[in-house]
Structures are given as C-alpha cells and as structure tokens.
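Raw contents of run_6.cif, mmCIF, C-alpha atoms:
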```
data_run
loop_
_atom_site.label_atom_id
_atom_site.label_comp_id
_atom_site.auth_asym_id
_atom_site.auth_seq_id
_atom_site.Cartn_x
_atom_site.Cartn_y
_atom_site.Cartn_z
CA MET A 1 0.00 0.00 0.00
CA PRO A 2 1.36 3.49 -0.84
CA THR A 3 2.62 5.48 2.15
CA SER A 4 2.62 8.87 0.44
CA MET A 5 -0.34 11.23 0.44
CA PRO A 6 -2.57 11.08 -2.67
CA VAL A 7 -2.88 14.31 -4.66
CA PRO A 8 -6.08 15.97 -3.42
CA GLN A 9 -8.68 18.01 -5.24
CA ALA A 10 -7.87 21.73 -5.14
CA ARG A 11 -10.00 23.97 -2.93
CA GLY A 12 -9.24 27.32 -4.52
CA PRO A 13 -6.71 29.22 -6.65
CA LEU A 14 -3.72 28.71 -4.36
CA SER A 15 -4.05 24.96 -3.98
CA ALA A 16 -4.97 24.64 -7.68
CA THR A 17 -1.75 26.41 -8.63
CA LEU A 18 0.29 24.23 -6.28
CA VAL A 19 -1.24 20.99 -7.55
CA SER A 20 -0.52 22.11 -11.12
CA ILE A 21 3.09 22.86 -10.18
CA LEU A 22 3.60 19.55 -8.41
CA ARG A 23 2.35 17.79 -11.51
CA SER A 24 5.09 19.67 -13.40
CA SER A 25 2.86 21.71 -15.68
CA ALA A 26 3.52 25.13 -14.17
CA ASP A 27 6.32 27.42 -13.10
CA PRO A 28 6.91 27.29 -9.31
CA ARG A 29 7.17 31.07 -9.29
CA GLU A 30 3.47 31.17 -10.13
CA LEU A 31 2.70 29.98 -6.63
CA THR A 32 4.88 32.70 -5.13
CA ALA A 33 3.05 35.31 -7.20
CA ALA A 34 -0.30 33.82 -6.22
CA ALA A 35 0.68 33.86 -2.54
CA ASP A 36 1.70 37.52 -2.84
CA ALA A 37 -1.68 38.43 -4.35
CA TYR A 38 -3.42 36.33 -1.74
CA GLU A 39 -1.53 38.11 1.03
CA VAL A 40 -2.56 41.55 -0.24
CA ALA A 41 -6.21 40.56 -0.71
CA ARG A 42 -6.52 39.00 2.73
CA SER A 43 -4.83 41.92 4.47
CA ILE A 44 -7.56 44.20 3.06
CA ASP A 45 -10.36 41.99 4.43
CA PRO A 46 -10.45 42.32 8.25
CA THR A 47 -12.90 39.41 8.56
CA TYR A 48 -10.59 36.91 6.85
CA ASP A 49 -9.97 33.76 8.92
CA ILE A 50 -7.07 31.69 7.63
CA LEU A 51 -7.79 28.97 10.18
CA ARG A 52 -11.02 28.15 8.35
CA ASP A 53 -9.82 28.84 4.80
CA ASP A 54 -9.84 25.53 2.93
CA ASP A 55 -7.60 26.82 0.14
CA ALA A 56 -4.84 28.16 2.39
CA GLN A 57 -4.87 25.21 4.79
CA LEU A 58 -4.75 22.61 2.01
CA THR A 59 -1.86 24.49 0.40
CA LEU A 60 0.07 24.51 3.67
CA THR A 61 -0.68 20.82 4.24
CA LEU A 62 0.77 19.88 0.86
CA LEU A 63 3.82 22.11 1.27
CA TYR A 64 4.57 20.52 4.64
CA GLU A 65 3.89 17.04 3.31
CA LEU A 66 6.77 17.44 0.86
CA HIS A 67 9.04 17.14 3.94
CA LEU A 68 7.22 14.18 5.47
CA GLN A 69 5.79 11.11 3.69
CA GLY A 70 5.72 12.88 0.35
CA ILE A 71 2.93 13.15 -2.21
CA GLU A 72 2.03 10.37 -4.61
CA ASN A 73 3.72 10.68 -8.04
CA VAL A 74 5.34 13.98 -7.04
CA SER A 75 9.12 14.26 -7.29
CA ASP A 76 11.06 14.63 -4.06
CA ALA A 77 13.03 17.35 -5.83
CA TRP A 78 10.24 19.80 -4.98
CA GLU A 79 11.01 19.53 -1.26
CA TRP A 80 13.58 22.34 -1.19
CA ASN A 81 12.39 24.39 -4.15
CA LEU A 82 13.00 28.01 -3.14
CA ASP A 83 9.84 29.37 -4.72
CA LEU A 84 7.66 26.87 -2.89
CA LEU A 85 9.46 27.67 0.36
CA ALA A 86 8.89 31.39 -0.23
CA ALA A 87 5.16 30.84 -0.78
CA ARG A 88 4.99 28.70 2.35
CA SER A 89 6.70 31.44 4.35
CA ARG A 90 4.12 33.99 3.20
CA LEU A 91 1.26 31.74 4.30
CA GLU A 92 2.97 30.90 7.58
CA THR A 93 3.19 34.58 8.51
CA HIS A 94 -0.59 34.90 8.44
CA PHE A 95 -1.15 31.45 9.91
CA GLU A 96 1.13 32.02 12.89
CA ALA A 97 -0.48 35.41 13.59
CA ALA A 98 -3.90 33.73 13.58
CA ILE A 99 -2.71 31.07 16.03
CA VAL A 100 -1.37 33.75 18.37
CA GLU A 101 -4.74 35.52 18.22
CA LEU A 102 -6.62 32.26 18.81
CA VAL A 103 -4.53 31.28 21.83
CA GLY A 104 -4.28 34.73 23.38
CA LYS A 105 -2.17 35.51 26.40
CA VAL A 106 -0.98 32.35 28.15
CA PRO A 107 -0.58 32.88 31.92
CA SER A 108 2.77 31.90 33.37
CA SER A 109 3.66 31.51 37.04
CA GLY A 110 7.32 30.84 36.32
CA ASP A 111 6.88 27.15 37.13
CA VAL A 112 6.37 25.48 33.76
CA VAL A 113 5.57 22.07 35.26
CA ALA A 114 2.82 23.45 37.49
CA ASP A 115 1.47 25.58 34.65
CA LEU A 116 1.24 22.59 32.30
CA TRP A 117 -0.61 20.50 34.87
CA ALA A 118 -3.04 23.36 35.46
CA MET A 119 -3.63 23.94 31.74
CA THR A 120 -4.33 20.29 30.98
CA ALA A 121 -6.41 19.38 34.03
CA PRO A 122 -9.59 17.45 33.09
CA SER A 123 -12.61 19.60 32.40
CA ALA A 124 -15.64 19.33 34.64
CA GLY A 125 -17.97 19.37 31.63
CA PRO A 126 -19.14 16.27 29.73
CA GLY A 127 -17.09 16.99 26.60
CA LEU A 128 -16.74 15.12 23.33
CA ALA A 129 -15.14 12.02 24.86
CA SER A 130 -18.09 11.49 27.20
CA PHE A 131 -20.47 11.76 24.25
CA MET A 132 -18.43 9.20 22.33
CA ALA A 133 -18.56 6.82 25.30
CA LYS A 134 -22.30 7.04 25.91
CA ASP A 135 -24.16 8.25 22.84
CA ALA A 136 -22.11 8.36 19.61
CA THR A 137 -23.24 6.29 16.64
CA ILE A 138 -20.88 4.26 14.52
CA ASP A 139 -21.11 6.92 11.80
CA GLN A 140 -20.03 9.58 14.29
CA PHE A 141 -17.15 7.39 15.44
CA ALA A 142 -16.11 6.98 11.83
CA GLU A 143 -16.12 10.75 11.34
CA VAL A 144 -13.88 11.29 14.37
CA LEU A 145 -11.44 8.66 13.11
CA ILE A 146 -11.36 10.30 9.69
CA HIS A 147 -10.58 13.70 11.21
CA ARG A 148 -7.80 12.18 13.31
CA SER A 149 -6.37 9.94 10.61
CA LEU A 150 -4.11 12.48 8.91
CA ASN A 151 -2.12 12.83 12.12
CA GLN A 152 -2.59 9.46 13.80
CA LEU A 153 -1.47 7.43 10.78
CA ARG A 154 1.90 9.16 11.12
CA GLU A 155 1.70 9.52 14.91
CA ALA A 156 4.93 10.74 16.54
CA ASP A 157 6.73 11.70 13.31
CA VAL A 158 6.55 15.50 13.68
CA HIS A 159 7.28 15.49 17.41
CA THR A 160 10.29 13.27 16.67
CA LEU A 161 11.83 16.16 14.71
CA GLY A 162 12.67 17.70 18.08
CA ILE A 163 15.11 14.96 19.06
CA SER A 164 18.04 16.29 17.02
CA ARG A 165 17.56 19.76 18.56
CA LEU A 166 17.87 18.58 22.16
CA SER A 167 20.69 17.17 24.23
CA GLY A 168 21.37 15.30 27.44
CA ALA A 169 18.56 14.27 29.77
CA VAL A 170 15.97 16.31 27.86
CA LYS A 171 16.76 14.45 24.64
CA ALA A 172 16.64 11.14 26.50
CA ALA A 173 13.18 11.99 27.84
CA LEU A 174 11.81 12.69 24.36
CA VAL A 175 13.41 9.52 22.99
CA GLU A 176 11.80 7.49 25.78
CA VAL A 177 8.34 8.79 24.94
CA GLN A 178 8.80 8.43 21.20
CA SER A 179 10.17 4.91 21.49
CA ASP A 180 6.85 3.79 22.92
CA GLU A 181 5.00 5.61 20.13
CA TYR A 182 6.96 3.52 17.65
CA GLY A 183 6.10 0.30 19.46
CA GLY A 184 9.47 -0.11 21.16
CA GLY A 185 10.87 -1.41 17.89
CA SER A 186 7.92 -3.69 17.09
CA ALA A 187 6.11 -2.65 13.92
CA GLU A 188 2.90 -4.35 15.06
CA ARG A 189 2.83 -2.24 18.25
CA MET A 190 3.47 1.12 16.60
CA HIS A 191 0.65 3.45 17.58
CA SER A 192 0.13 4.44 13.96
CA ARG A 193 -0.34 0.76 13.12
CA LEU A 194 -2.82 0.32 15.98
CA PHE A 195 -4.80 3.30 14.71
CA ALA A 196 -4.85 1.75 11.25
CA ASP A 197 -6.25 -1.42 12.83
CA THR A 198 -9.03 0.65 14.42
CA MET A 199 -9.91 2.26 11.10
CA ARG A 200 -10.15 -1.08 9.34
CA ALA A 201 -12.24 -2.54 12.16
CA VAL A 202 -14.91 0.14 11.68
CA GLY A 203 -14.89 -0.22 7.89
CA LEU A 204 -12.63 2.68 6.93
CA SER A 205 -9.56 2.82 4.71
CA ASP A 206 -6.28 2.90 6.62
CA ARG A 207 -4.33 4.39 3.73
CA TYR A 208 -2.38 7.47 4.75
CA GLY A 209 -4.08 10.62 3.48
CA HIS A 210 -7.00 8.69 2.00
CA TYR A 211 -9.50 11.17 3.47
CA ILE A 212 -7.64 14.38 2.61
CA ASP A 213 -10.51 15.57 0.39
CA VAL A 214 -13.24 15.31 3.04
CA VAL A 215 -11.62 16.84 6.14
CA PRO A 216 -12.38 20.57 6.59
CA ALA A 217 -9.96 23.46 7.03
CA VAL A 218 -10.09 23.36 10.83
CA THR A 219 -8.77 19.78 10.79
CA LEU A 220 -5.97 20.72 8.40
CA ALA A 221 -5.15 23.80 10.50
CA SER A 222 -4.61 21.61 13.58
CA LEU A 223 -2.29 19.42 11.54
CA ASN A 224 -0.46 22.45 10.13
CA ALA A 225 0.06 24.05 13.53
CA LEU A 226 2.02 20.99 14.62
CA SER A 227 4.03 21.06 11.38
CA LEU A 228 4.77 24.75 11.88
CA PHE A 229 6.26 23.97 15.28
CA GLY A 230 8.13 20.91 14.03
CA PHE A 231 9.81 22.54 11.03
CA HIS A 232 11.02 25.70 12.78
CA ARG A 233 13.82 25.43 15.32
CA ARG A 234 12.67 28.69 16.93
CA HIS A 235 9.50 26.82 17.94
CA LEU A 236 11.28 23.95 19.70
CA GLY A 237 9.60 24.96 22.95
CA ALA A 238 6.17 25.00 21.30
CA LEU A 239 6.80 21.53 19.85
CA VAL A 240 7.62 20.24 23.33
CA GLY A 241 4.59 21.97 24.84
CA HIS A 242 2.34 20.56 22.14
CA LEU A 243 3.56 17.05 22.94
CA CYS A 244 2.95 17.64 26.64
CA ALA A 245 -0.65 18.65 25.95
CA VAL A 246 -1.17 15.56 23.80
CA GLU A 247 0.21 13.22 26.45
CA THR A 248 -1.57 14.80 29.43
CA THR A 249 -5.00 14.93 27.81
CA SER A 250 -5.05 11.51 26.16
CA ALA A 251 -5.49 8.82 28.80
CA LEU A 252 -8.99 9.65 30.08
CA PRO A 253 -10.51 10.41 26.64
CA SER A 254 -8.93 7.22 25.28
CA LYS A 255 -10.65 5.22 28.04
CA ARG A 256 -13.98 6.75 27.02
CA TYR A 257 -13.44 6.18 23.31
CA SER A 258 -12.63 2.56 24.02
CA ALA A 259 -15.78 2.24 26.10
CA GLY A 260 -17.83 3.74 23.27
CA LEU A 261 -16.48 1.29 20.73
CA ARG A 262 -17.21 -1.63 23.04
CA ARG A 263 -20.73 -0.28 23.58
CA LEU A 264 -21.19 -0.47 19.81
CA GLY A 265 -20.08 -4.09 19.77
CA PHE A 266 -16.45 -3.77 18.66
CA GLY A 267 -13.64 -5.89 20.06
CA SER A 268 -9.97 -5.46 20.77
CA ASP A 269 -9.07 -5.03 17.10
CA ALA A 270 -10.89 -1.69 17.26
CA THR A 271 -10.10 -0.69 20.86
CA LEU A 272 -6.43 -1.63 21.24
CA PHE A 273 -5.23 1.77 20.03
CA TYR A 274 -7.21 3.51 22.76
CA ASP A 275 -6.50 0.84 25.38
CA GLU A 276 -2.79 1.28 24.73
CA HIS A 277 -3.02 5.04 25.25
CA VAL A 278 -4.81 4.68 28.58
CA GLU A 279 -1.76 2.91 29.97
CA ALA A 280 1.07 4.45 27.98
CA ASP A 281 0.06 8.09 28.28
CA SER A 282 -0.36 7.81 32.04
CA VAL A 283 3.39 7.18 32.07
CA HIS A 284 4.26 9.49 29.20
CA GLU A 285 2.61 12.52 30.77
CA GLN A 286 4.97 12.40 33.75
CA ILE A 287 8.05 12.10 31.53
CA ALA A 288 6.84 14.75 29.09
CA VAL A 289 5.90 17.37 31.66
CA ARG A 290 8.55 16.87 34.33
CA GLU A 291 11.61 15.63 32.47
CA LEU A 292 11.08 16.99 28.96
CA ALA A 293 9.31 20.32 29.44
CA GLY A 294 10.66 20.93 32.92
CA GLY A 295 14.17 20.02 31.85
CA LEU A 296 14.03 22.19 28.74
CA ALA A 297 12.72 25.19 30.69
CA SER A 298 15.45 24.72 33.29
CA SER A 299 18.28 24.48 30.76
CA GLN A 300 16.86 27.03 28.30
CA PRO A 301 14.62 29.43 30.27
CA HIS A 302 13.98 31.59 27.20
CA ARG A 303 11.81 28.77 25.81
CA THR A 304 9.42 28.68 28.77
CA ASP A 305 6.75 30.91 27.22
CA ASP A 306 6.95 29.00 23.95
CA ILE A 307 6.43 25.69 25.78
CA LEU A 308 3.21 27.03 27.28
CA PHE A 309 2.19 28.53 23.93
CA GLY A 310 2.60 25.14 22.23
CA ALA A 311 0.48 23.41 24.85
CA ALA A 312 -2.19 26.10 24.63
CA THR A 313 -2.21 25.79 20.83
CA CYS A 314 -2.82 22.05 21.00
CA LEU A 315 -5.71 22.56 23.44
CA ALA A 316 -7.21 25.41 21.40
CA PHE A 317 -7.29 23.37 18.20
CA ASP A 318 -8.75 20.40 20.04
CA ASP A 319 -11.54 22.70 21.20
CA LEU A 320 -12.06 24.06 17.67
CA LEU A 321 -12.39 20.58 16.22
CA GLY A 322 -14.60 19.42 19.08
CA ASP A 323 -16.88 22.42 18.58
CA HIS A 324 -17.03 21.74 14.85
CA LEU A 325 -17.99 18.10 15.42
CA THR A 326 -20.67 18.75 18.03
CA SER A 327 -22.20 21.74 16.26
CA SER A 328 -22.44 19.76 13.02
CA TRP A 329 -24.07 16.79 14.73
CA GLU A 330 -26.50 18.99 16.67
CA LYS A 331 -27.72 20.31 13.32
CA GLY A 332 -28.06 16.78 11.97
CA GLU A 333 -25.18 17.34 9.53
CA THR A 334 -21.93 15.58 8.83
CA SER A 335 -18.75 17.20 10.11
CA LEU A 336 -16.99 16.25 6.89
CA ARG A 337 -16.87 18.03 3.56
CA GLU A 338 -19.29 16.54 1.04
#
```

Rewrite the coordinates I just gave you, this time as structure tokens.
Amino acid sequence: MPTSMPVPQARGPLSATLVSILRSSADPRELTAAADAYEVARSIDPTYDILRDDDAQLTLTLLYELHLQGIENVSDAWEWNLDLLAARSRLETHFEAAIVELVGKVPSSGDVVADLWAMTAPSAGPGLASFMAKDATIDQFAEVLIHRSLNQLREADVHTLGISRLSGAVKAALVEVQSDEYGGGSAERMHSRLFADTMRAVGLSDRYGHYIDVVPAVTLASLNALSLFGFHRRHLGALVGHLCAVETTSALPSKRYSAGLRRLGFGSDATLFYDEHVEADSVHEQIAVRELAGGLASSQPHRTDDILFGAATCLAFDDLLGDHLTSSWEKGETSLRE
C-alpha cells in the first residue's frame, strides 16, 4: 500500500496552482506570485480567517507534506524548491499570527511544570469524549477517526523532529516517549499501526491521506500548527509543549473512546489503540511534563513561554475541532466536507 499522500482536489486558486506545479505543468514562481496576491487581498479583508480557509490550509498541508511522507507521483526534488518555500513562508506569517490571536495571552507563574498541569487538568464538563462513550453512533465514530487519521497514521513523526535539537537528559526523555509511540521497535505495536487497525475494524480505509478531500480546514489547521512547530527550530519549545498537551490529555478520553467502541459491539481489534493510550500516556505525561518540558525550561529558560504557547495551541485546536464536530451533529449534519 502506498505510504505517500494522494494528490487531493484543489480547494481554490492557491491549492490549484500548487497541484498544477507539483504535476510539473507550471512554473513554481506562479505559486509565489499567487501567494503575494493572496496576502494583499486578505490583508484588506479584516474578517478573513485563515484557520477556516480551505484553500490556504490545504496548500500549507501539501507544502509541509513534501518534507514528510511525500505526495504520490510527485518528485522529491520539490522539497527544497526556493519558490515553494517562499510561498509557504508567506502563508505561515498569516497562519502564525492567527494562532497567536486564537490562543491569546498564556498565563505563566514561572513554574512550567505546574502551569502545564493546570492547563491540561480534566474539564468538569461532559465533553466530546463522554459523548463518544455514551451516545455516539458508529457513523459519528467513523467521522472522528477520519478527522484524526491524517495525524494518527503518522503519529509521533513531527514530534520526533525535536530529538536532534535537544541534548542530554531532555533528549533522552523525548526519545523514551517516542520509542513507545513507535512500538518499542515492534512494527505491530506502533501506535500508527494500531490506529490503522481501528480504522479497518470500523470499515474505513487505513491508507495514509485517504480522506484528505473530506476533512475541513479546521482539521488541516490543527495538523499544520504541529508542522509549523516541528519545522522551525525557533518553535522547539512549542513543539515540546504541544507534545505535553497531547500526552496529558489523552489517557482519560482514550478510556472513554474505548468504552464507546465496546458499547457499539467492537472488540480489541478496534479498541487496542485507545487501550494502549490509557496505559502508555499515564506514564508518558509524567516524563513529558517533568523531564522533557521541565528540563528544557530549566536548561533554556527563554523557551518557557513557547512551551506554554505550544500546549495552549494544542488545546485550542482540540476545542475548535470538538466544537465543529458537536455543532455539526446537533444540526443533523456531517462534520466532513461533502
């Protein structure tokens, strides 16, 4: 089965230009020119929301994917094309500003470990995970899996980019967490493989990127925020904070997702991914917060605010996606693009 992302349908002029370029029928400088025009037009419109712009988010997704699993039938030579990098930089400027506005001011007490625990404490409200445990239909479960698939089928890969930028005990802490994500060297236990098993069990395709055409901009934006942190050394702290938020907010929801799948009659082939995260992330959260984030903040204090910003970004996008799912279902609509 191919491991690269299939070429998606364009969602506007920017992504259409990029797809044309990647298929070698256009000049890469056309995308730079298009991004320039896009930048001017959007700066004039004060209501423009790049986080929900399908065209911009798909374009960013594809530009980042050139550095990851690649795109089907697209030459790897495009990865470091200067014109594509220039266009990506223009989009990233607006994207990063929108993330900063979304997250707002992140309070800091000076104790990054305490701040991370406070930020990621379980909510008192019912939340999406409780709904999935008690009330979600199989179709709703399938939608959630589709939204999550673009990241979970490559789980750990972007966070792993931080390893080469760390040293000593902090590097060792990240390696310890990531080793478990990759199944401790066993391909069958890799978390991405377990997620693929879940998708197949509920009747979905487990091909990487298979559902790129049906996930909305908010899903792509969540994916792109992580890529933004992973590909920029200046955001090393944000990458670490993002991982902390993932690890500290995973165990309890995973327990509820597993319960929901069992309620619907599914067995361990569908639930093992979530069962694994109940146990693993209870351990990972301690390593990630205390040894990784705490160690990084201690050795490089200038990254403290960025660590908290990365965690807050992860939580904010989780909320955006959760709101999109629940509001769609409350209206009797699918959360996917049709």

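Residue selection for this entry, given the PyMOL selection byres ((chain A and resi 173-182) around 6), comprises Val170, Lys171, Ala172, Gly183, Gly184, Met190, His191, His284 and Leu292 of chain A.
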
Expanded to explicit residues, what is the PyMOL selection byres ((chain A and resi 233) around 12) for this file, as a ChimeraX atom specification?
/A:161-166,227-232,234-240,303,306

Return as JSON, numbers by chain the set of residues that the PyMOL selection byres ((chain A and resi 136-148) around 7) yields on the displayed structure.
{"A": [131, 132, 133, 134, 135, 149, 150, 151, 152, 199, 202, 211, 215, 219]}

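Minimum distance to Ile50 in chain A across A:Leu325, A:Leu102, A:Ala16, A:Leu22 (counting all atoms listed in the file) occurs at A:Leu102.
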
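For the atom pair formed by CA of Gly332 in chain A and CA of Leu128 in chain A, the distance is 16.1 Å, given to one decimal.
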
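Proximity to His67 in chain A was assessed for A:Met5, A:Leu18, A:Ala33, A:Leu272 counting all atoms listed in the file; the smallest distance is recorded for A:Met5.
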
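Counting only C-alpha atoms, the residue from A:Ser250, A:Ser20, A:Ser258, A:Ser299 that sits nearest to Ala280 in chain A is A:Ser250.
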
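The spacing separating CA of Glu92 in chain A from CA of Asp319 in chain A amounts to 21.5 Å.
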
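As for CA of Gln69 in chain A and CA of Ala225 in chain A, they are spaced 17.2 Å apart.
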
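If you measure from each of A:Asp197, A:Asp275, A:Asp318, A:Glu155 to Ser222 in chain A using all atoms listed in the file, the closest one turns out to be A:Asp318.
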
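Among the candidates A:Ala156, A:Leu223, A:Cys314, A:Ala201, the residue lying nearest to Leu261 in chain A is A:Ala201 (atoms considered: all atoms listed in the file).
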
Dump as JSON lines the rows for residues of range 72-162 of chain A within 9 Å of range 37-45 of chain A: closest atom pair and distance in Å with one decimal, all atoms listed in the file counted, ordered by chain and rising residue number.
```
{"residue": "A:Arg90", "atom": "CA", "partner": "A:Glu39", "partner_atom": "CA", "distance": 7.3}
{"residue": "A:Leu91", "atom": "CA", "partner": "A:Glu39", "partner_atom": "CA", "distance": 7.7}
{"residue": "A:His94", "atom": "CA", "partner": "A:Glu39", "partner_atom": "CA", "distance": 8.1}
```

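Distances to Ser268 in chain A were evaluated for A:Leu226, A:Ala114, A:Leu194, A:Leu308 using all atoms listed in the file, and the minimum falls at A:Leu194.
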
Just the residues within 6 Å of range 57-60 of chain A, please, counting all atoms listed in the file, with nothing from its chain fewer than 4 positions along; format it as a list in words.
Ser15, Ala217, Leu220 and Ala221 of chain A

Rows by chain and residue number, range 232-328 of chain A within 9 Å of range 106-109 of chain A, shortest pair, all atoms listed in the file, as CSV:
```
residue,atom,partner,partner_atom,distance
A:Thr304,CA,A:Ser108,CA,8.7
A:Asp305,CA,A:Ser108,CA,7.4
A:Leu308,CA,A:Val106,CA,6.8
A:Phe309,CA,A:Val106,CA,6.5
A:Ala312,CA,A:Val106,CA,7.3
```
